[in-house]
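Text of work20.txt, listed as compact mmCIF, C-alpha atoms and all ligand atoms:
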# COMPACT_ATOMS: atom_id res chain seq x y z
CA MET A 1 13.38 19.38 -40.92
CA PRO A 2 17.05 19.67 -41.90
CA VAL A 3 19.09 16.67 -40.83
CA ARG A 4 22.76 16.96 -39.93
CA GLU A 5 24.90 14.28 -41.46
CA SER A 6 26.85 12.19 -38.95
CA ALA A 7 30.03 10.27 -39.72
CA GLY A 8 27.91 7.19 -40.39
CA GLY A 9 25.20 9.20 -42.13
CA ASP A 10 22.50 7.48 -40.05
CA GLU A 11 21.17 10.42 -38.01
CA ARG A 12 18.66 10.59 -40.86
CA ALA A 13 17.13 7.45 -39.39
CA PHE A 14 16.09 9.41 -36.28
CA ALA A 15 14.67 12.43 -38.04
CA GLY A 16 11.06 11.15 -38.21
CA ALA A 17 8.52 12.48 -35.73
CA ALA A 18 7.76 8.87 -34.74
CA SER A 19 11.28 8.22 -33.44
CA PRO A 20 11.17 7.21 -29.77
CA VAL A 21 14.53 8.95 -29.35
CA LEU A 22 13.26 12.34 -30.47
CA LYS A 23 9.98 12.05 -28.55
CA LEU A 24 11.80 11.12 -25.36
CA LEU A 25 14.35 13.91 -25.65
CA VAL A 26 11.69 16.56 -26.31
CA VAL A 27 9.48 15.29 -23.47
CA SER A 28 12.52 15.11 -21.17
CA VAL A 29 13.50 18.77 -21.66
CA THR A 30 9.84 19.80 -21.36
CA PHE A 31 9.57 18.08 -17.97
CA LEU A 32 12.89 19.63 -16.94
CA PHE A 33 11.51 23.03 -17.90
CA ILE A 34 8.29 22.49 -15.90
CA GLY A 35 10.24 21.03 -12.94
CA THR A 36 12.78 23.84 -12.78
CA VAL A 37 10.06 26.51 -13.08
CA GLN A 38 8.28 24.77 -10.19
CA GLY A 39 11.61 24.71 -8.32
CA VAL A 40 12.02 28.46 -8.72
CA LEU A 41 8.39 29.12 -7.73
CA GLN A 42 8.71 27.12 -4.54
CA THR A 43 11.65 29.27 -3.41
CA PHE A 44 9.36 32.35 -3.30
CA PRO A 45 8.83 33.08 0.40
CA ALA A 46 5.01 33.31 0.15
CA ILE A 47 4.74 30.02 -1.75
CA ALA A 48 7.28 28.30 0.51
CA ALA A 49 5.33 29.46 3.58
CA TRP A 50 2.03 28.26 2.08
CA LEU A 51 3.54 24.84 1.30
CA ARG A 52 5.03 24.53 4.80
CA GLY A 53 1.76 25.58 6.40
CA ALA A 54 -0.14 22.97 4.37
CA GLY A 55 1.89 20.18 6.01
CA ALA A 56 1.50 16.77 4.34
CA ALA A 57 -0.53 18.35 1.53
CA GLY A 58 2.32 20.74 0.76
CA HIS A 59 4.78 17.83 0.89
CA MET A 60 2.97 16.29 -2.09
CA ILE A 61 3.87 19.34 -4.19
CA ASP A 62 7.36 19.97 -2.77
CA PRO A 63 9.28 17.70 -2.85
CA LEU A 64 7.22 14.77 -4.19
CA ALA A 65 5.81 16.21 -7.43
CA HIS A 66 8.93 18.34 -8.00
CA ALA A 67 11.27 15.35 -7.57
CA HIS A 68 9.29 13.10 -9.94
CA ILE A 69 8.77 15.74 -12.63
CA ASN A 70 12.54 16.38 -12.70
CA LEU A 71 13.87 12.89 -12.04
CA VAL A 72 11.31 10.65 -13.76
CA GLY A 73 10.00 13.00 -16.48
CA GLY A 74 13.29 14.85 -17.03
CA VAL A 75 16.26 12.68 -16.14
CA THR A 76 15.09 9.12 -16.72
CA MET A 77 12.95 9.79 -19.80
CA GLY A 78 15.94 11.59 -21.33
CA MET A 79 18.08 8.63 -20.33
CA MET A 80 15.63 6.26 -22.05
CA GLY A 81 15.99 8.28 -25.27
CA LEU A 82 19.78 8.11 -25.06
CA PHE A 83 19.62 4.34 -24.42
CA TYR A 84 17.46 3.84 -27.53
CA PHE A 85 19.98 5.86 -29.54
CA VAL A 86 23.10 4.12 -28.25
CA LEU A 87 21.89 0.53 -27.86
CA PRO A 88 21.40 -0.38 -31.56
CA ARG A 89 24.90 0.96 -32.25
CA LEU A 90 26.45 -0.97 -29.39
CA VAL A 91 24.88 -4.34 -30.22
CA ALA A 92 25.03 -3.69 -33.99
CA ARG A 93 21.40 -4.66 -34.58
CA PRO A 94 18.04 -2.90 -34.27
CA LEU A 95 16.25 -2.34 -31.01
CA TYR A 96 14.28 -5.49 -30.06
CA SER A 97 10.89 -3.81 -30.45
CA ALA A 98 10.01 -0.29 -31.58
CA ARG A 99 6.39 -1.01 -30.64
CA LEU A 100 7.41 -1.86 -27.08
CA ALA A 101 9.49 1.34 -26.99
CA ASP A 102 6.40 3.29 -28.05
CA VAL A 103 4.19 1.57 -25.45
CA SER A 104 6.85 2.26 -22.81
CA PHE A 105 7.03 5.91 -23.87
CA TRP A 106 3.26 6.43 -23.51
CA LEU A 107 3.07 4.54 -20.20
CA SER A 108 5.94 6.63 -18.79
CA PHE A 109 4.61 9.89 -20.17
CA CYS A 110 1.01 9.32 -18.99
CA GLY A 111 2.27 7.84 -15.71
CA VAL A 112 4.54 10.69 -14.68
CA SER A 113 2.00 13.29 -15.88
CA LEU A 114 -0.85 11.67 -13.92
CA PHE A 115 1.30 10.97 -10.84
CA SER A 116 2.88 14.44 -10.59
CA GLY A 117 -0.19 16.30 -11.88
CA SER A 118 -2.39 14.59 -9.28
CA LEU A 119 0.11 15.35 -6.51
CA ILE A 120 0.05 19.03 -7.44
CA VAL A 121 -3.74 19.34 -7.86
CA LEU A 122 -4.51 17.27 -4.74
CA GLY A 123 -1.79 19.16 -2.85
CA ILE A 124 -3.43 22.49 -3.73
CA VAL A 125 -7.00 21.30 -3.01
CA GLU A 126 -6.10 19.57 0.29
CA GLY A 127 -3.65 22.35 1.23
CA ARG A 128 -6.45 24.92 0.91
CA MET A 129 -8.61 22.81 3.20
CA VAL A 130 -5.78 22.58 5.76
CA HIS A 131 -5.24 26.34 5.57
CA ALA A 132 -9.00 26.79 6.12
CA GLY A 133 -8.68 24.96 9.45
CA MET A 134 -9.17 21.25 8.64
CA SER A 135 -6.70 18.62 9.79
CA TYR A 136 -4.96 16.66 7.00
CA PRO A 137 -6.95 13.45 7.71
CA GLN A 138 -10.17 15.50 7.48
CA ALA A 139 -9.03 16.95 4.14
CA LEU A 140 -8.19 13.45 2.90
CA ALA A 141 -11.63 12.19 3.94
CA ALA A 142 -13.29 15.16 2.20
CA VAL A 143 -11.51 14.40 -1.06
CA GLY A 144 -12.30 10.68 -0.77
CA PRO A 145 -10.89 7.62 -2.56
CA ILE A 146 -10.05 9.59 -5.72
CA HIS A 147 -6.91 10.79 -3.88
CA HIS A 148 -5.36 7.33 -3.73
CA LEU A 149 -6.88 6.22 -7.02
CA LEU A 150 -5.17 8.97 -9.03
CA ILE A 151 -1.78 8.61 -7.34
CA VAL A 152 -1.75 4.80 -7.49
CA ALA A 153 -2.89 4.81 -11.16
CA GLY A 154 -0.06 7.23 -12.05
CA GLY A 155 2.45 5.12 -10.09
CA VAL A 156 1.33 1.88 -11.77
CA LEU A 157 1.60 3.44 -15.24
CA MET A 158 5.10 4.76 -14.43
CA GLY A 159 6.07 1.32 -13.14
CA PHE A 160 4.95 -0.45 -16.32
CA GLY A 161 6.65 2.28 -18.37
CA TYR A 162 9.94 1.50 -16.65
CA TRP A 163 9.55 -2.30 -16.74
CA SER A 164 8.67 -2.38 -20.45
CA PHE A 165 11.74 -0.19 -21.12
CA ILE A 166 13.94 -2.50 -19.02
CA ALA A 167 12.54 -5.58 -20.83
CA ASN A 168 13.28 -3.97 -24.22
CA VAL A 169 16.88 -3.23 -23.20
CA TYR A 170 17.46 -6.80 -21.95
CA LEU A 171 15.82 -8.27 -25.06
CA SER A 172 17.86 -6.00 -27.35
CA VAL A 173 21.07 -7.13 -25.68
CA PHE A 174 20.36 -10.82 -25.08
CA ALA A 175 17.62 -12.04 -27.48
CA ARG A 176 18.69 -13.74 -30.67
CA ARG A 177 18.22 -11.65 -33.81
CA ARG A 178 14.72 -12.24 -35.12
CA LYS A 179 14.29 -13.47 -38.66
CA HIS A 180 11.51 -11.12 -39.61
CA ALA A 181 12.61 -7.74 -38.29
CA THR A 182 10.25 -6.13 -40.82
CA ALA A 183 7.31 -7.08 -38.57
CA VAL A 184 8.26 -4.22 -36.25
CA SER A 185 9.81 -1.89 -38.78
CA ALA A 186 7.31 0.90 -38.24
CA SER A 187 9.89 3.10 -36.52
CA PRO A 188 12.79 4.77 -38.32
CA LEU A 189 14.87 3.63 -35.34
CA LEU A 190 14.80 0.09 -36.67
CA LYS A 191 16.42 1.11 -39.92
CA VAL A 192 19.64 1.74 -38.04
CA ASN A 193 22.09 -1.10 -38.51
CA THR A 194 19.60 -3.18 -40.49
CA PRO A 195 21.75 -5.06 -42.96
C1 LIG A 201 15.95 25.80 -11.29
C2 LIG A 201 16.07 24.59 -10.84
C3 LIG A 201 15.57 24.10 -9.50
C4 LIG A 201 15.17 24.79 -8.38
C5 LIG A 201 15.12 26.30 -8.17
C6 LIG A 201 14.82 23.81 -7.38
C7 LIG A 201 14.35 24.09 -6.11
C8 LIG A 201 14.07 23.17 -5.15
C9 LIG A 201 13.56 23.46 -3.85
C10 LIG A 201 13.24 24.86 -3.35
C11 LIG A 201 13.40 22.30 -3.21
C12 LIG A 201 12.85 22.10 -1.80
C13 LIG A 201 13.97 22.03 -0.82
C14 LIG A 201 13.40 21.86 0.58
O1 LIG A 201 12.19 21.91 0.77
O2 LIG A 201 14.20 21.65 1.49
C15 LIG A 201 13.82 21.24 -4.08
C16 LIG A 201 13.82 19.91 -3.75
C17 LIG A 201 14.22 18.92 -4.61
N1 LIG A 201 14.63 19.07 -5.93
FE1 LIG A 201 14.79 20.80 -6.92
N2 LIG A 201 15.01 22.57 -7.91
C18 LIG A 201 15.47 22.70 -9.19
C19 LIG A 201 15.78 21.69 -10.07
C20 LIG A 201 15.81 20.35 -9.76
C21 LIG A 201 16.24 19.32 -10.66
C22 LIG A 201 16.70 19.54 -12.10
C23 LIG A 201 16.13 18.15 -9.98
C24 LIG A 201 16.42 16.76 -10.42
C25 LIG A 201 17.04 16.43 -11.53
C26 LIG A 201 15.64 18.45 -8.65
C27 LIG A 201 15.40 17.53 -7.67
C28 LIG A 201 14.95 17.82 -6.42
C29 LIG A 201 14.70 16.82 -5.39
C30 LIG A 201 14.94 15.33 -5.51
C31 LIG A 201 14.24 17.50 -4.26
C32 LIG A 201 13.84 16.90 -2.94
C33 LIG A 201 15.04 16.88 -2.04
C34 LIG A 201 14.68 16.33 -0.69
O3 LIG A 201 14.20 15.21 -0.61
O4 LIG A 201 14.84 17.07 0.30
N3 LIG A 201 15.44 19.80 -8.56
N4 LIG A 201 14.23 21.80 -5.28
C1 LIG A 202 7.22 3.51 -10.66
C2 LIG A 202 7.97 4.55 -10.39
C3 LIG A 202 7.91 5.31 -9.09
C4 LIG A 202 6.92 5.42 -8.16
C5 LIG A 202 5.55 4.76 -8.17
C6 LIG A 202 7.41 6.31 -7.11
C7 LIG A 202 6.68 6.65 -5.98
C8 LIG A 202 7.18 7.39 -4.93
C9 LIG A 202 6.48 7.68 -3.72
C10 LIG A 202 5.08 7.16 -3.37
C11 LIG A 202 7.30 8.43 -2.94
C12 LIG A 202 6.96 9.01 -1.57
C13 LIG A 202 7.51 8.16 -0.48
C14 LIG A 202 7.13 8.75 0.86
O1 LIG A 202 7.16 9.98 1.02
O2 LIG A 202 6.83 7.97 1.75
C15 LIG A 202 8.51 8.64 -3.67
C16 LIG A 202 9.58 9.40 -3.22
C17 LIG A 202 10.66 9.70 -4.00
N1 LIG A 202 10.95 9.24 -5.25
FE1 LIG A 202 9.80 8.04 -6.34
N2 LIG A 202 8.66 6.73 -7.43
C18 LIG A 202 9.01 6.14 -8.62
C19 LIG A 202 10.19 6.30 -9.31
C20 LIG A 202 11.20 7.14 -8.92
C21 LIG A 202 12.43 7.34 -9.66
C22 LIG A 202 12.80 6.58 -10.93
C23 LIG A 202 13.13 8.29 -8.99
C24 LIG A 202 14.46 8.89 -9.33
C25 LIG A 202 15.04 8.78 -10.51
C26 LIG A 202 12.36 8.67 -7.82
C27 LIG A 202 12.75 9.61 -6.89
C28 LIG A 202 12.12 9.82 -5.69
C29 LIG A 202 12.62 10.71 -4.65
C30 LIG A 202 13.89 11.56 -4.74
C31 LIG A 202 11.70 10.64 -3.60
C32 LIG A 202 11.80 11.36 -2.28
C33 LIG A 202 11.25 12.74 -2.38
C34 LIG A 202 11.36 13.39 -1.01
O3 LIG A 202 10.54 13.08 -0.14
O4 LIG A 202 12.27 14.19 -0.84
N3 LIG A 202 11.20 7.97 -7.82
N4 LIG A 202 8.43 8.00 -4.88
Since I need it in another form, could you write the structure as structure tokens?
Amino acid sequence: MPVRESAGGDERAFAGAASPVLKLLVVSVTFLFIGTVQGVLQTFPAIAAWLRGAGAAGHMIDPLAHAHINLVGGVTMGMMGLFYFVLPRLVARPLYSARLADVSFWLSFCGVSLFSGSLIVLGIVEGRMVHAGMSYPQALAAVGPIHHLLIVAGGVLMGFGYWSFIANVYLSVFARRRKHATAVSASPLLKVNTP
């Protein structure tokens, strides 16, 4: 892939496929694409009427899944990528842990996918039951504990994704520079500002 030279010449350090910055930016715009397509779809009168008629089940799709796809998958994952790009430059040393950044990426990605994906699938399944004449509590009972299991699992993964990101930012800003930075030098990100 061609790499544009920056003033400092270090954009090269982010060109690898393993860079958390690149992964986060690509995933962010992908979620924004999915979220905005969903946004357009839910303005169609027939879809909007179906969602309204499905009550609490429809609410899981619009606005809950829509909001988290756009805000967690799109906005905050993009923000994480920008933080990882800017932080090493601001503190003039590598990110505290590229491995932690990778763990955080996968937790966030799997979390928001599971959380929003479950909300959409459960919303459709339970919404169909409601439209067929069931009450929402009856639809919930028919689906069983998997409803809460999927949503809580997605939420917990998202939570740990955020908290590991937050820990990495704090550690990058406040932790003393480690002697053996090579131990976590798997990511090209760490080559930035390494003396
Ligand atoms: C093409 C782009 C988009 C379209 C067509 C769209 C459409 C919609 C629609 C139809 C609703 C439901 C409104 C209602 O039921 O009253 C909604 C809600 C919402 N959207 Fe979007 N949306 C788009 C992009 C976004 C983006 C990029 C974000 C966030 C970065 C976002 C965040 C939200 C949130 C948070 C809600 C819930 C608002 C509430 O609580 O009432 N949307 N959107
Ligand atoms: C661990 C991460 C998160 C979890 C587990 C989570 C979970 C939830 C849940 C369960 C609700 C529904 C509340 C209810 O209807 O009673 C909700 C609503 C909402 N969340 Fe999150 N959330 C998380 C992170 C975020 C973040 C980071 C944002 C924004 C950047 C966000 C934006 C929203 C919005 C806008 C709503 C309201 C949607 C609406 O009803 O219009 N969430 N969230």
Let me see if you get this right: every residue at most 7 Å from ligand LIG 201 (chain A), counting only C-alpha atoms and all ligand atoms, written as a PDB file with C-alpha atoms, keeping the file's coordinate frame.
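Written file, part_12.pdb:
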ATOM      1  CA  LEU A  32      12.890  19.630 -16.940  1.00  0.00           C
ATOM      2  CA  GLY A  35      10.240  21.030 -12.940  1.00  0.00           C
ATOM      3  CA  THR A  36      12.780  23.840 -12.780  1.00  0.00           C
ATOM      4  CA  VAL A  37      10.060  26.510 -13.080  1.00  0.00           C
ATOM      5  CA  GLY A  39      11.610  24.710  -8.320  1.00  0.00           C
ATOM      6  CA  VAL A  40      12.020  28.460  -8.720  1.00  0.00           C
ATOM      7  CA  GLN A  42       8.710  27.120  -4.540  1.00  0.00           C
ATOM      8  CA  THR A  43      11.650  29.270  -3.410  1.00  0.00           C
ATOM      9  CA  ASP A  62       7.360  19.970  -2.770  1.00  0.00           C
ATOM     10  CA  PRO A  63       9.280  17.700  -2.850  1.00  0.00           C
ATOM     11  CA  HIS A  66       8.930  18.340  -8.000  1.00  0.00           C
ATOM     12  CA  ALA A  67      11.270  15.350  -7.570  1.00  0.00           C
ATOM     13  CA  ASN A  70      12.540  16.380 -12.700  1.00  0.00           C
ATOM     14  CA  LEU A  71      13.870  12.890 -12.040  1.00  0.00           C
ATOM     15  CA  GLY A  74      13.290  14.850 -17.030  1.00  0.00           C
ATOM     16  CA  VAL A  75      16.260  12.680 -16.140  1.00  0.00           C
TER      17      VAL A  75
END
The residue from A:Trp163, A:Phe31, A:Trp50, A:Tyr96 with the smallest atom-to-atom distance to A:Ile124, counting all atoms listed in the file, is A:Trp50
May I have the residues within 9 Å of ligand LIG 202 (chain A), computed using all atoms listed in the file, as an MDAnalysis selection string? chainID A and resid 59:60 62:68 70:73 75:76 108 111:112 115 151:163
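Of the residues under consideration (A:Ser19, A:Val29, A:Gly58, A:Leu82), A:Gly58 shows the shortest atom-to-atom contact distance to A:Glu126 when counting all atoms listed in the file.
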What is the atom CA of A:Arg176 to atom CA of A:Leu107 distance in Å? 26.2 Å
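Note that atom CA of A:Pro88 and atom CA of A:Ile69 are 27.9 Å apart.
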Using all atoms listed in the file: which of A:Val173, A:Val103, A:Ala98, A:Ala54 has the shortest distance to A:Val125: A:Ala54
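Nearest to A:Ala49 of all the residues A:Met134, A:Ala175, A:Leu122, A:Gly127 is A:Gly127, counting only C-alpha atoms.
In this structure, atom CA of A:Ala139 sits 19.1 Å away from atom CA of A:Ser116.
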4 Å per side around stretch 23-35 of chain A: axis-aligned box centre and edge lengths, as JSON:
{"center_x": 11.3, "center_y": 17.1, "center_z": -20.7, "size_x": 14.1, "size_y": 19.9, "size_z": 23.6}
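Distances here use all atoms listed in the file; by that measure, the residue among A:Ile61, A:Ala56, A:Leu41, A:Met79 closest to A:Ile166 is A:Met79.
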Pull stretch 95-148 of chain A out of the block and emit C-alpha atoms, as a compact mmCIF listing (two decimals), in the first residue's frame.
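New file decode-v4.txt:
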# COMPACT_ATOMS: atom_id res chain seq x y z
CA LEU A 95 1.65 3.87 23.67
CA TYR A 96 1.82 2.01 27.01
CA SER A 97 0.72 -1.32 25.52
CA ALA A 98 -0.04 -2.25 21.92
CA ARG A 99 -1.27 -5.63 23.17
CA LEU A 100 -3.79 -3.94 25.46
CA ALA A 101 -4.88 -1.74 22.54
CA ASP A 102 -5.45 -4.89 20.48
CA VAL A 103 -7.40 -6.60 23.30
CA SER A 104 -9.47 -3.42 23.72
CA PHE A 105 -10.14 -3.31 19.97
CA TRP A 106 -11.45 -6.89 19.86
CA LEU A 107 -13.52 -6.48 23.04
CA SER A 108 -15.11 -3.29 21.65
CA PHE A 109 -15.63 -4.73 18.19
CA CYS A 110 -17.14 -8.04 19.41
CA GLY A 111 -19.08 -6.19 22.14
CA VAL A 112 -20.79 -3.63 19.93
CA SER A 113 -21.42 -6.25 17.21
CA LEU A 114 -22.98 -8.70 19.68
CA PHE A 115 -24.92 -6.00 21.56
CA SER A 116 -26.37 -4.25 18.48
CA GLY A 117 -26.69 -7.43 16.41
CA SER A 118 -28.65 -9.12 19.21
CA LEU A 119 -30.89 -6.08 19.64
CA ILE A 120 -31.73 -6.16 15.94
CA VAL A 121 -32.27 -9.94 15.68
CA LEU A 122 -34.23 -10.14 18.96
CA GLY A 123 -36.16 -7.02 17.97
CA ILE A 124 -37.22 -8.65 14.69
CA VAL A 125 -38.04 -12.05 16.26
CA GLU A 126 -39.96 -10.57 19.22
CA GLY A 127 -41.52 -7.85 17.03
CA ARG A 128 -42.96 -10.54 14.74
CA MET A 129 -44.46 -12.28 17.76
CA VAL A 130 -46.01 -9.00 18.96
CA HIS A 131 -47.41 -8.34 15.49
CA ALA A 132 -48.85 -11.88 15.53
CA GLY A 133 -50.87 -10.97 18.63
CA MET A 134 -48.61 -11.77 21.61
CA SER A 135 -47.93 -9.24 24.34
CA TYR A 136 -44.27 -8.20 24.75
CA PRO A 137 -43.87 -10.15 28.05
CA GLN A 138 -45.23 -13.25 26.29
CA ALA A 139 -42.74 -12.75 23.44
CA LEU A 140 -39.92 -12.34 25.97
CA ALA A 141 -40.97 -15.55 27.74
CA ALA A 142 -41.11 -17.40 24.40
CA VAL A 143 -37.57 -16.36 23.53
CA GLY A 144 -36.33 -17.24 27.03
CA PRO A 145 -33.11 -16.37 28.89
CA ILE A 146 -31.06 -16.11 25.68
CA HIS A 147 -32.57 -12.61 25.26
CA HIS A 148 -30.84 -11.21 28.33
